[in-house]
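Visitor: Pasting in a structure now, in structure tokens, and then I'll have a few things to ask.
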Amino acid sequence: MKLFILTILVISLSSCVQEPKEFQETGILVLDNARNCMSFDYFIPCEINDSLSLSMNVKKVKTNIARRIDPKGFQYHMTNVSWISSADSFYIKDMHKNWFYISAVELTLKKSKDYLDENKIENIDSMRIADNICINKTYGGIYEIKHIKQIILSQY
């Protein structure tokens with residue numbers, strides 16, 4: 001009888017645990033050029049105005065909070081179609097600086113099961129990109145990209 005009650009209790013508790021839900025956001029995707037285990041990829045949720053250039057959209061970003069993301073299989077596709085930028089210039093050709101791939105996107109994200117605290121905000125070392133954005137906080141956890149739609153914007 002105790003085994004039966006324990007089994008019922010485990011089944012009822014497991015049905016109460018919800019899978020993290022998927023959600024969509026637009027914003028700026030920032031991929032580290034290193035593409036190794038030390039890469040720090042993140043997504044800055046913000047409005048994208050498709051009548052403005054990417055640089056003008058970046059200049060309108062007023063937040064300092066990003067989402068740390070796991071790009072999964074999208075990473076190499078996105079690095080091939082994104083603009084290259086460093087901390088102190090928007091578009092660069094000099095590969096001797098620290099640089100990132102940036103793109104305006106609409107993402108479908110799902111929070112990793114390992115990090116279920118929706119309201120946690122973590123302080124991180126400041127990261128500057130594109131001569132404008134300074135990120136010093138991230139939402140807790142890592143978000144997996146489930147679907148990505150690049151928003152094509154002019155360069156200038």
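Ordering of the structure tokens sets the chain letters (A, B, ...), residue numbers begin anew at 1 in every chain, and ligands are numbered from 1 in the order given.
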From the DSSP assignment of the backbone, select every residue of segment 68-140 of chain A that is alpha helix (DSSP H), and format the answer as a PyMOL selection string.

Guide: chain A and resi 75-81

Visitor: Export, as a compact mmCIF listing (two decimals), in the first residue's frame, the selected residues with N, CA and C atoms.

Guide:
```txt
# COMPACT_ATOMS: atom_id res chain seq x y z
N GLN A 75 24.82 28.69 -35.01
CA GLN A 75 25.96 29.58 -34.83
C GLN A 75 26.72 29.85 -36.12
N TYR A 76 27.03 28.84 -36.90
CA TYR A 76 27.84 29.05 -38.10
C TYR A 76 27.04 29.69 -39.22
N HIS A 77 25.75 29.38 -39.29
CA HIS A 77 24.91 30.05 -40.28
C HIS A 77 24.83 31.54 -39.99
N MET A 78 24.68 31.90 -38.72
CA MET A 78 24.54 33.31 -38.37
C MET A 78 25.86 34.07 -38.50
N THR A 79 26.99 33.43 -38.23
CA THR A 79 28.26 34.15 -38.39
C THR A 79 28.52 34.46 -39.86
N ASN A 80 27.98 33.68 -40.76
CA ASN A 80 28.18 33.92 -42.19
C ASN A 80 27.34 35.07 -42.72
N VAL A 81 26.28 35.45 -42.02
CA VAL A 81 25.38 36.48 -42.54
C VAL A 81 25.25 37.68 -41.60
```

Visitor: Contacts between segment 118-137 of chain A and segment 74-108 of chain A, please, where a residue of segment 74-108 of chain A counts if it comes within 7 Å (with only C-alpha atoms); show its shortest atom pair and distance in Å to one decimal, rows by chain and ascending number, as a Markdown table.

Guide:
```
| residue | atom | partner | partner_atom | distance |
| --- | --- | --- | --- | --- |
| A:Ser85 | CA | A:Ala130 | CA | 5.7 |
| A:Ser86 | CA | A:Ile129 | CA | 5.7 |
| A:Ala87 | CA | A:Ile129 | CA | 4.0 |
| A:Asp88 | CA | A:Asp131 | CA | 4.6 |
| A:Ser89 | CA | A:Asp131 | CA | 5.3 |
| A:Phe90 | CA | A:Ala130 | CA | 4.3 |
```

Visitor: List as a PDB file with N, CA, C and O atoms, in the first residue's frame the protein and nucleic acid residues near Ser55 of chain A, meaning an atom at most 10 Å away when only C-alpha atoms are counted, but skip any in the same chain fewer than 2 places from it.

Guide:
```pdb
ATOM      1  N   LEU A  52      15.127  51.500 -40.388  1.00  0.00           N
ATOM      2  CA  LEU A  52      16.415  52.077 -40.013  1.00  0.00           C
ATOM      3  C   LEU A  52      17.530  51.072 -40.284  1.00  0.00           C
ATOM      4  O   LEU A  52      17.293  49.869 -40.355  1.00  0.00           O
ATOM      5  N   SER A  53      18.753  51.560 -40.366  1.00  0.00           N
ATOM      6  CA  SER A  53      19.910  50.684 -40.537  1.00  0.00           C
ATOM      7  C   SER A  53      20.200  49.925 -39.247  1.00  0.00           C
ATOM      8  O   SER A  53      19.705  50.278 -38.172  1.00  0.00           O
ATOM      9  N   ASN A  57      19.608  51.158 -35.323  1.00  0.00           N
ATOM     10  CA  ASN A  57      18.886  50.331 -34.353  1.00  0.00           C
ATOM     11  C   ASN A  57      19.742  50.078 -33.128  1.00  0.00           C
ATOM     12  O   ASN A  57      19.250  50.124 -31.999  1.00  0.00           O
ATOM     13  N   VAL A  58      21.030  49.819 -33.328  1.00  0.00           N
ATOM     14  CA  VAL A  58      21.931  49.596 -32.186  1.00  0.00           C
ATOM     15  C   VAL A  58      22.031  50.856 -31.341  1.00  0.00           C
ATOM     16  O   VAL A  58      22.031  50.788 -30.110  1.00  0.00           O
ATOM     17  N   LYS A  59      22.093  52.015 -31.976  1.00  0.00           N
ATOM     18  CA  LYS A  59      22.187  53.268 -31.219  1.00  0.00           C
ATOM     19  C   LYS A  59      20.946  53.535 -30.381  1.00  0.00           C
ATOM     20  O   LYS A  59      21.009  54.263 -29.397  1.00  0.00           O
ATOM     21  N   LYS A  60      19.820  52.935 -30.738  1.00  0.00           N
ATOM     22  CA  LYS A  60      18.586  53.128 -29.985  1.00  0.00           C
ATOM     23  C   LYS A  60      18.461  52.173 -28.798  1.00  0.00           C
ATOM     24  O   LYS A  60      17.551  52.307 -27.998  1.00  0.00           O
ATOM     25  N   PHE A  90      31.647  50.264 -35.131  1.00  0.00           N
ATOM     26  CA  PHE A  90      30.494  49.475 -35.526  1.00  0.00           C
ATOM     27  C   PHE A  90      30.838  48.397 -36.545  1.00  0.00           C
ATOM     28  O   PHE A  90      30.511  47.239 -36.365  1.00  0.00           O
ATOM     29  N   TYR A  91      31.465  48.757 -37.632  1.00  0.00           N
ATOM     30  CA  TYR A  91      31.877  47.754 -38.628  1.00  0.00           C
ATOM     31  C   TYR A  91      33.386  47.786 -38.719  1.00  0.00           C
ATOM     32  O   TYR A  91      33.975  48.844 -38.820  1.00  0.00           O
ATOM     33  N   ALA A 130      29.848  47.677 -30.471  1.00  0.00           N
ATOM     34  CA  ALA A 130      29.331  48.598 -31.472  1.00  0.00           C
ATOM     35  C   ALA A 130      29.318  50.042 -31.008  1.00  0.00           C
ATOM     36  O   ALA A 130      28.449  50.802 -31.375  1.00  0.00           O
ATOM     37  N   ASP A 131      30.287  50.412 -30.205  1.00  0.00           N
ATOM     38  CA  ASP A 131      30.463  51.799 -29.787  1.00  0.00           C
ATOM     39  C   ASP A 131      29.250  52.376 -29.052  1.00  0.00           C
ATOM     40  O   ASP A 131      29.126  53.567 -28.909  1.00  0.00           O
ATOM     41  N   ASN A 132      28.346  51.525 -28.604  1.00  0.00           N
ATOM     42  CA  ASN A 132      27.145  52.045 -27.980  1.00  0.00           C
ATOM     43  C   ASN A 132      26.617  51.167 -26.855  1.00  0.00           C
ATOM     44  O   ASN A 132      26.323  51.653 -25.782  1.00  0.00           O
ATOM     45  N   LEU A 153      18.557  44.423 -42.556  1.00  0.00           N
ATOM     46  CA  LEU A 153      18.617  45.877 -42.440  1.00  0.00           C
ATOM     47  C   LEU A 153      19.789  46.384 -43.270  1.00  0.00           C
ATOM     48  O   LEU A 153      20.774  45.664 -43.470  1.00  0.00           O
ATOM     49  N   SER A 154      19.699  47.619 -43.708  1.00  0.00           N
ATOM     50  CA  SER A 154      20.811  48.176 -44.476  1.00  0.00           C
ATOM     51  C   SER A 154      22.014  48.418 -43.573  1.00  0.00           C
ATOM     52  O   SER A 154      21.879  48.524 -42.354  1.00  0.00           O
ATOM     53  N   GLN A 155      23.171  48.487 -44.179  1.00  0.00           N
ATOM     54  CA  GLN A 155      24.407  48.693 -43.419  1.00  0.00           C
ATOM     55  C   GLN A 155      24.501  50.120 -42.902  1.00  0.00           C
ATOM     56  O   GLN A 155      24.980  50.366 -41.812  1.00  0.00           O
ATOM     57  N   TYR A 156      24.067  51.096 -43.689  1.00  0.00           N
ATOM     58  CA  TYR A 156      24.229  52.511 -43.294  1.00  0.00           C
ATOM     59  C   TYR A 156      22.907  53.181 -43.079  1.00  0.00           C
ATOM     60  O   TYR A 156      21.917  52.874 -43.607  1.00  0.00           O
TER      61      TYR A 156
END
```

Visitor: For the interface of segment 58-150 of chain A with segment 41-46 of chain A (cut-off 7 Å, counting only C-alpha atoms), please tabulate each contacting residue of segment 58-150 of chain A alongside its nearest pair of atoms and their separation in Å to one decimal, rows sorted by chain and increasing number, as a Markdown table.

Guide:
```
| residue | atom | partner | partner_atom | distance |
| --- | --- | --- | --- | --- |
| A:Val61 | CA | A:Cys46 | CA | 6.6 |
| A:Ile65 | CA | A:Ile44 | CA | 6.9 |
| A:Ala66 | CA | A:Ile44 | CA | 4.5 |
| A:Arg67 | CA | A:Phe43 | CA | 5.1 |
| A:Arg68 | CA | A:Tyr42 | CA | 4.4 |
| A:Ile69 | CA | A:Tyr42 | CA | 5.1 |
| A:Asp70 | CA | A:Asp41 | CA | 7.0 |
```

Visitor: Please produce a file of the residues just selected, as a PDB file, in the first residue's frame, where the atoms kept are N, CA and C atoms.

Guide:
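Below you can see result13.pdb, which holds the result:
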```pdb
ATOM      1  N   VAL A  61      19.364  51.203 -28.671  1.00  0.00           N
ATOM      2  CA  VAL A  61      19.299  50.247 -27.560  1.00  0.00           C
ATOM      3  C   VAL A  61      19.645  50.968 -26.264  1.00  0.00           C
ATOM      4  N   ILE A  65      20.750  44.883 -20.059  1.00  0.00           N
ATOM      5  CA  ILE A  65      20.499  43.488 -19.695  1.00  0.00           C
ATOM      6  C   ILE A  65      20.333  42.657 -20.962  1.00  0.00           C
ATOM      7  N   ALA A  66      21.013  41.517 -20.991  1.00  0.00           N
ATOM      8  CA  ALA A  66      20.940  40.616 -22.132  1.00  0.00           C
ATOM      9  C   ALA A  66      20.532  39.228 -21.655  1.00  0.00           C
ATOM     10  N   ARG A  67      20.274  38.357 -22.602  1.00  0.00           N
ATOM     11  CA  ARG A  67      20.039  36.950 -22.316  1.00  0.00           C
ATOM     12  C   ARG A  67      21.238  36.163 -22.823  1.00  0.00           C
ATOM     13  N   ARG A  68      21.823  35.357 -21.965  1.00  0.00           N
ATOM     14  CA  ARG A  68      22.891  34.472 -22.423  1.00  0.00           C
ATOM     15  C   ARG A  68      22.231  33.348 -23.212  1.00  0.00           C
ATOM     16  N   ILE A  69      22.740  33.079 -24.406  1.00  0.00           N
ATOM     17  CA  ILE A  69      22.070  32.116 -25.263  1.00  0.00           C
ATOM     18  C   ILE A  69      22.998  30.992 -25.702  1.00  0.00           C
ATOM     19  N   ASP A  70      22.380  29.897 -26.055  1.00  0.00           N
ATOM     20  CA  ASP A  70      23.061  28.763 -26.670  1.00  0.00           C
ATOM     21  C   ASP A  70      22.547  28.695 -28.103  1.00  0.00           C
TER      22      ASP A  70
END
```

Visitor: Give the strand (DSSP E) residues of segment 15-146 of chain A, as DSSP finds them on the backbone, and put them as a PyMOL selection string.

Guide: chain A and resi 22-32+42-45+65-70+83-86+99-111+121-129+133-146

Visitor: So which one's closest to Leu29 of chain A, A:Glu106, A:His147, A:Trp99, A:Thr63? Using only C-alpha atoms, please.

Guide: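 The shortest atom-to-atom distance to Leu29 of chain A comes from A:Glu106.
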
Visitor: Pick the closest to Ala34 of chain A from A:Pro71, A:Val105, A:Ile84, A:Asn98: which is it, counting only C-alpha atoms?

Guide: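 Closest candidate: A:Asn98.
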
Visitor: Tell me which protein, DNA and RNA residues are within 10 Å of Lys21 of chain A, counting only C-alpha atoms, leaving out same-chain ones fewer than 3 positions away, and put them as a PyMOL selection string.

Guide: chain A and resi 18+109-112

Visitor: Let me see the file: selected residues, C-alpha atoms, as a PDB file, in the first residue's frame.

Guide:
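Once everything was written out, this is part22.pdb:
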```
ATOM      1  CA  GLN A  18       6.112  22.332 -16.271  1.00  0.00           C
ATOM      2  CA  LEU A 109      13.786  30.928 -27.252  1.00  0.00           C
ATOM      3  CA  LYS A 110      13.356  28.281 -24.612  1.00  0.00           C
ATOM      4  CA  LYS A 111      14.913  28.566 -21.184  1.00  0.00           C
ATOM      5  CA  SER A 112      17.212  25.699 -20.323  1.00  0.00           C
TER       6      SER A 112
END
```

Visitor: For Lys146 of chain A, which of A:Phe40, A:Trp83, A:Tyr101, A:Phe74 is the closest residue, counting only C-alpha atoms?

Guide: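 Comparing A:Phe40, A:Trp83, A:Tyr101, A:Phe74 against Lys146 of chain A, the winner is A:Phe74.
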
Visitor: Suppose you want the space between atom CA of Glu47 of chain A and atom CA of Glu144 of chain A; what is it in Å?

Guide: 20.2 Å
